[in-house]
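To start, the structure itself, in structure tokens.
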Amino acid sequence: MLEVLKQLSIDDVLDLARFINEEDGSYYDTYVVTTSTKKYIVKKSNINELTNYLYLLRNLKPNIPKLYKSTEYNDEIYILFSYFDGHNIRKCNRDDLIKALDALICIQDKYWEKVELNESIYYKYKDTLKSRIERGKYIKDPLFAKYYEEFLNIYQNVNKTLCHDDLLPFNVLVNDTQAYLIDWEYASIMPYPTSLARLLAHFEENEDAFFYMKESDKEFAINYYYDNFIKHKNIPYDKYIETMNYFIFYEYMEWIMLGEKNNDKELPRYKEYYQKALKHIEEKLNK
């Protein structure tokens with residue numbers, strides 16, 4: 001790592017701390033580098049994320065890390081980012097949620113319907129659609145398959161903007177004044193509900209859950225996003241809610257698809273998300 005830092009023009013290192021995965025305790029190839037003057041983030045990344053920064057993300061400050069420099073070492077790509085002193089929103093409150101929503105809205109408003117940018121980036125809309133079609137092939141339950149087919153139809157006919165395709169709560173950092181969205185490997189010009197649906201779908205109203213949020217805050221987020229963004233795109237509220245509910249359903253299908261694909265319906269998350277998807281159909285989609 002010291003050789004990588006040297007290539008990134010960082011040579012007065014006082015401390016080097018590696019990030020730990022909060023899910024399983026493993027180490028990320030991401031480091032906080034402390035020098036005599038400031039802190040940085042160094043991340044072993046890939047061509048996807050670097051291309052996204054070069055062609056999509058450079059002008060999105062202050063809501064994403066600033067790219068300072070990149071280098072290759074032993075055929076690996078390393079990126080030097082600005083450091084953000086904040087915490088993730090795994091245990092999310094209303095204030096932090098508003099900062100996250102404001103950041104997402106600011107980013108997506110700048111890229112609304114700029115579909116031509118797909119030609120410049122690594123992870124294209126057609127790739128996102130293909131991956132979702134492939135995922136659907138593993139869904140065996142006729143009820144889920146029916147609604148998944150409806151989701152795919154909607155996916156192809158929704159307004160598009162810049163989306164973070166893995167906006168889970170640990171990819172959102174907040175401090176007293178703003179939010180930072182990090183880990184942009186999977187970014188593309190995609191249907192607008194993609195990021196918000198992924199962010200909200202996996203929270204639970206259980207303080208011991210890995211992702212915790214009150215149900216009232218989830219509902220608040222859906223309406224805040226509409227009132228401060230989607231409403232101004234002349235999309236009717238009822239249509240927005242219907243669309244968002246299908247995208248949340250898609251998020252629930254991730255673990256169901258994995259259980260079916262691996263022929264292992266005893267996976268704890270398979271059972272959990274099976275029930276979530278059923279409840280969601282009964283309450284939100286089957287009207």
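In the structure tokens, the first chain shown is A, the next is B, and so on; residue numbers restart at 1 for each chain, and ligands run from 1 in the order shown.
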Non-local contacts of Tyr125 of chain A (12 Å; only C-alpha atoms; under 5 positions in same chain excluded) as a list in words: Lys114, Val115, Glu116, Leu117, Asn118, Glu119, Ser120, Lys130, Ser131, Arg132, Tyr155, Gln156, Lys160, Thr161, Leu162, Cys163, Asp165, Tyr186, Ala187, Ser188, Ile189, Met190, Pro191, Tyr192 and Thr194 of chain A
Which residues are near Tyr147 of chain A? Cut-off 10 Å, only C-alpha atoms, ignore same chain within fewer than 3 positions. Put them as number ranges by chain. A: 142-144, 150-153, 246, 249-250, 281, 285-286
Could you pull out the residues in segment 74-277 of chain A that DSSP calls strand (DSSP E or B) from the backbone, as a PyMOL selection string? chain A and resi 76-82+87-88+91+160-164+172-174+179-181+187-191+204+212
Env of Ile41 of chain A: 8 Å cut, atoms = only C-alpha atoms, seq-sep filter 4 positions within chain, self excluded. Answer as a VMD selection string. chain A and resid 30 to 33 80 to 83
For N, CA and C atoms, I'd like the residues from the last selection saved as a PDB file, in the first residue's frame.
```
ATOM      1  N   THR A  30     -10.154  -0.610   1.283  1.00  0.00           N
ATOM      2  CA  THR A  30     -10.373   0.824   1.369  1.00  0.00           C
ATOM      3  C   THR A  30      -9.745   1.317   2.666  1.00  0.00           C
ATOM      4  N   TYR A  31      -9.048   2.448   2.594  1.00  0.00           N
ATOM      5  CA  TYR A  31      -8.249   2.910   3.716  1.00  0.00           C
ATOM      6  C   TYR A  31      -8.474   4.398   3.983  1.00  0.00           C
ATOM      7  N   VAL A  32      -8.403   4.786   5.255  1.00  0.00           N
ATOM      8  CA  VAL A  32      -8.292   6.190   5.622  1.00  0.00           C
ATOM      9  C   VAL A  32      -6.812   6.496   5.782  1.00  0.00           C
ATOM     10  N   VAL A  33      -6.329   7.460   5.037  1.00  0.00           N
ATOM     11  CA  VAL A  33      -4.925   7.854   5.091  1.00  0.00           C
ATOM     12  C   VAL A  33      -4.835   9.217   5.768  1.00  0.00           C
ATOM     13  N   LEU A  80      -7.804   7.796  -5.288  1.00  0.00           N
ATOM     14  CA  LEU A  80      -7.631   8.679  -4.142  1.00  0.00           C
ATOM     15  C   LEU A  80      -8.818   9.635  -4.084  1.00  0.00           C
ATOM     16  N   PHE A  81      -9.566   9.575  -2.973  1.00  0.00           N
ATOM     17  CA  PHE A  81     -10.762  10.374  -2.795  1.00  0.00           C
ATOM     18  C   PHE A  81     -10.599  11.348  -1.626  1.00  0.00           C
ATOM     19  N   SER A  82     -11.469  12.349  -1.610  1.00  0.00           N
ATOM     20  CA  SER A  82     -11.572  13.209  -0.442  1.00  0.00           C
ATOM     21  C   SER A  82     -12.164  12.410   0.724  1.00  0.00           C
ATOM     22  N   TYR A  83     -11.815  12.837   1.920  1.00  0.00           N
ATOM     23  CA  TYR A  83     -12.317  12.201   3.144  1.00  0.00           C
ATOM     24  C   TYR A  83     -13.543  12.946   3.647  1.00  0.00           C
TER      25      TYR A  83
END
```
Quick one: everything within 12 Å of Asn74 of chain A, counting only C-alpha atoms, minus sequence neighbours fewer than 3 positions away in the same chain. Send it as a short mmCIF file (atom, residue, chain, number, x, y, z; two decimals) with all heavy atoms, in the first residue's frame.
```
data_model
loop_
_atom_site.label_atom_id
_atom_site.label_comp_id
_atom_site.auth_asym_id
_atom_site.auth_seq_id
_atom_site.Cartn_x
_atom_site.Cartn_y
_atom_site.Cartn_z
N MET A 1 0.82 -1.21 0.00
CA MET A 1 0.00 0.00 0.00
C MET A 1 0.86 1.26 0.00
O MET A 1 0.48 2.27 -0.59
CB MET A 1 -0.94 -0.01 1.21
CG MET A 1 -1.81 1.23 1.32
SD MET A 1 -2.77 1.62 -0.19
CE MET A 1 -3.82 0.18 -0.34
N GLU A 3 3.56 1.77 -1.61
CA GLU A 3 3.95 2.06 -2.99
C GLU A 3 2.79 2.71 -3.75
O GLU A 3 2.99 3.62 -4.55
CB GLU A 3 4.39 0.77 -3.68
CG GLU A 3 4.83 0.96 -5.13
CD GLU A 3 6.01 1.93 -5.28
OE1 GLU A 3 6.88 1.97 -4.38
OE2 GLU A 3 6.04 2.66 -6.30
N VAL A 4 1.58 2.22 -3.49
CA VAL A 4 0.39 2.83 -4.10
C VAL A 4 0.27 4.28 -3.68
O VAL A 4 0.03 5.17 -4.51
CB VAL A 4 -0.88 2.05 -3.70
CG1 VAL A 4 -2.13 2.80 -4.15
CG2 VAL A 4 -0.86 0.65 -4.30
N LYS A 44 -9.12 0.45 -3.47
CA LYS A 44 -8.87 -0.42 -4.61
C LYS A 44 -10.19 -0.61 -5.33
O LYS A 44 -11.15 -1.13 -4.76
CB LYS A 44 -8.30 -1.77 -4.18
CG LYS A 44 -7.92 -2.63 -5.39
CD LYS A 44 -7.13 -3.86 -5.00
CE LYS A 44 -8.04 -4.96 -4.50
NZ LYS A 44 -7.32 -6.24 -4.33
N THR A 71 -4.44 5.51 -9.96
CA THR A 71 -3.21 4.89 -10.41
C THR A 71 -3.44 3.39 -10.57
O THR A 71 -4.43 2.85 -10.05
CB THR A 71 -2.06 5.14 -9.42
OG1 THR A 71 -0.83 4.72 -10.01
CG2 THR A 71 -2.27 4.39 -8.11
N ILE A 77 -6.58 -1.11 -9.96
CA ILE A 77 -6.85 0.32 -9.99
C ILE A 77 -7.08 0.83 -8.57
O ILE A 77 -7.88 0.25 -7.82
CB ILE A 77 -8.08 0.64 -10.87
CG1 ILE A 77 -7.78 0.32 -12.33
CG2 ILE A 77 -8.50 2.10 -10.72
CD1 ILE A 77 -8.97 0.45 -13.25
N TYR A 78 -6.38 1.89 -8.22
CA TYR A 78 -6.56 2.54 -6.92
C TYR A 78 -6.97 3.99 -7.15
O TYR A 78 -6.45 4.67 -8.04
CB TYR A 78 -5.27 2.49 -6.10
CG TYR A 78 -4.91 1.10 -5.63
CD1 TYR A 78 -4.22 0.22 -6.46
CD2 TYR A 78 -5.27 0.67 -4.36
CE1 TYR A 78 -3.90 -1.06 -6.03
CE2 TYR A 78 -4.95 -0.61 -3.92
CZ TYR A 78 -4.26 -1.47 -4.76
OH TYR A 78 -3.95 -2.73 -4.33
#
```
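Closest approach to Ala201 of chain A from the set A:Lys140, A:Lys276, A:Lys265, A:Lys146 is made by A:Lys276, with distances taken over only C-alpha atoms.
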Distance atom CA of Asp102 of chain A-atom CA of Tyr225 of chain A, one decimal place?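 Interatomic distance, atom CA of Asp102 of chain A to atom CA of Tyr225 of chain A: 8.3 Å.
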Can you list, as a ChimeraX atom specification, every protein, DNA or RNA residue that comes within 12 Å of Gln275 of chain A when you count only C-alpha atoms, leaving out same-chain residues fewer than 3 positions away? /A:144,249,252-253,255-256,268-272,278-282
Output for the residues just chosen: C-alpha atoms as a PDB file, in the first residue's frame:
```pdb
ATOM      1  CA  PHE A 144     -44.095 -13.519  -7.930  1.00  0.00           C
ATOM      2  CA  PHE A 249     -41.016  -5.357  -4.797  1.00  0.00           C
ATOM      3  CA  TYR A 252     -37.505  -8.000  -2.097  1.00  0.00           C
ATOM      4  CA  MET A 253     -37.047 -10.457  -4.951  1.00  0.00           C
ATOM      5  CA  TRP A 255     -33.088 -12.937  -1.857  1.00  0.00           C
ATOM      6  CA  ILE A 256     -35.938 -14.987  -3.297  1.00  0.00           C
ATOM      7  CA  PRO A 268     -33.062 -17.284   6.493  1.00  0.00           C
ATOM      8  CA  ARG A 269     -33.279 -14.287   4.189  1.00  0.00           C
ATOM      9  CA  TYR A 270     -35.207 -16.293   1.604  1.00  0.00           C
ATOM     10  CA  LYS A 271     -37.945 -16.996   4.129  1.00  0.00           C
ATOM     11  CA  GLU A 272     -37.895 -13.447   5.447  1.00  0.00           C
ATOM     12  CA  LEU A 278     -46.227 -11.567  -0.173  1.00  0.00           C
ATOM     13  CA  LYS A 279     -47.248  -8.833   2.240  1.00  0.00           C
ATOM     14  CA  HIS A 280     -46.157  -6.151  -0.217  1.00  0.00           C
ATOM     15  CA  ILE A 281     -48.284  -7.670  -2.976  1.00  0.00           C
ATOM     16  CA  GLU A 282     -51.303  -7.873  -0.707  1.00  0.00           C
TER      17      GLU A 282
END
```
Enumerate the residues of segment 12-255 of chain A with a DSSP assignment of helix (DSSP H, G or I), computed from the backbone, and present them as a PyMOL selection string. chain A and resi 47-57+94-110+115-119+125-136+142-155+169-171+194-201+215-228+230-233+237-255
Closest to Glu207 of chain A among A:Asn93, A:Leu181, A:Pro62, A:Leu168, using only C-alpha atoms?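 Closest to Glu207 of chain A, using only C-alpha atoms: A:Asn93.
We find atom CA of Leu5 of chain A and atom CA of Gly25 of chain A to be spaced 24.8 Å apart.
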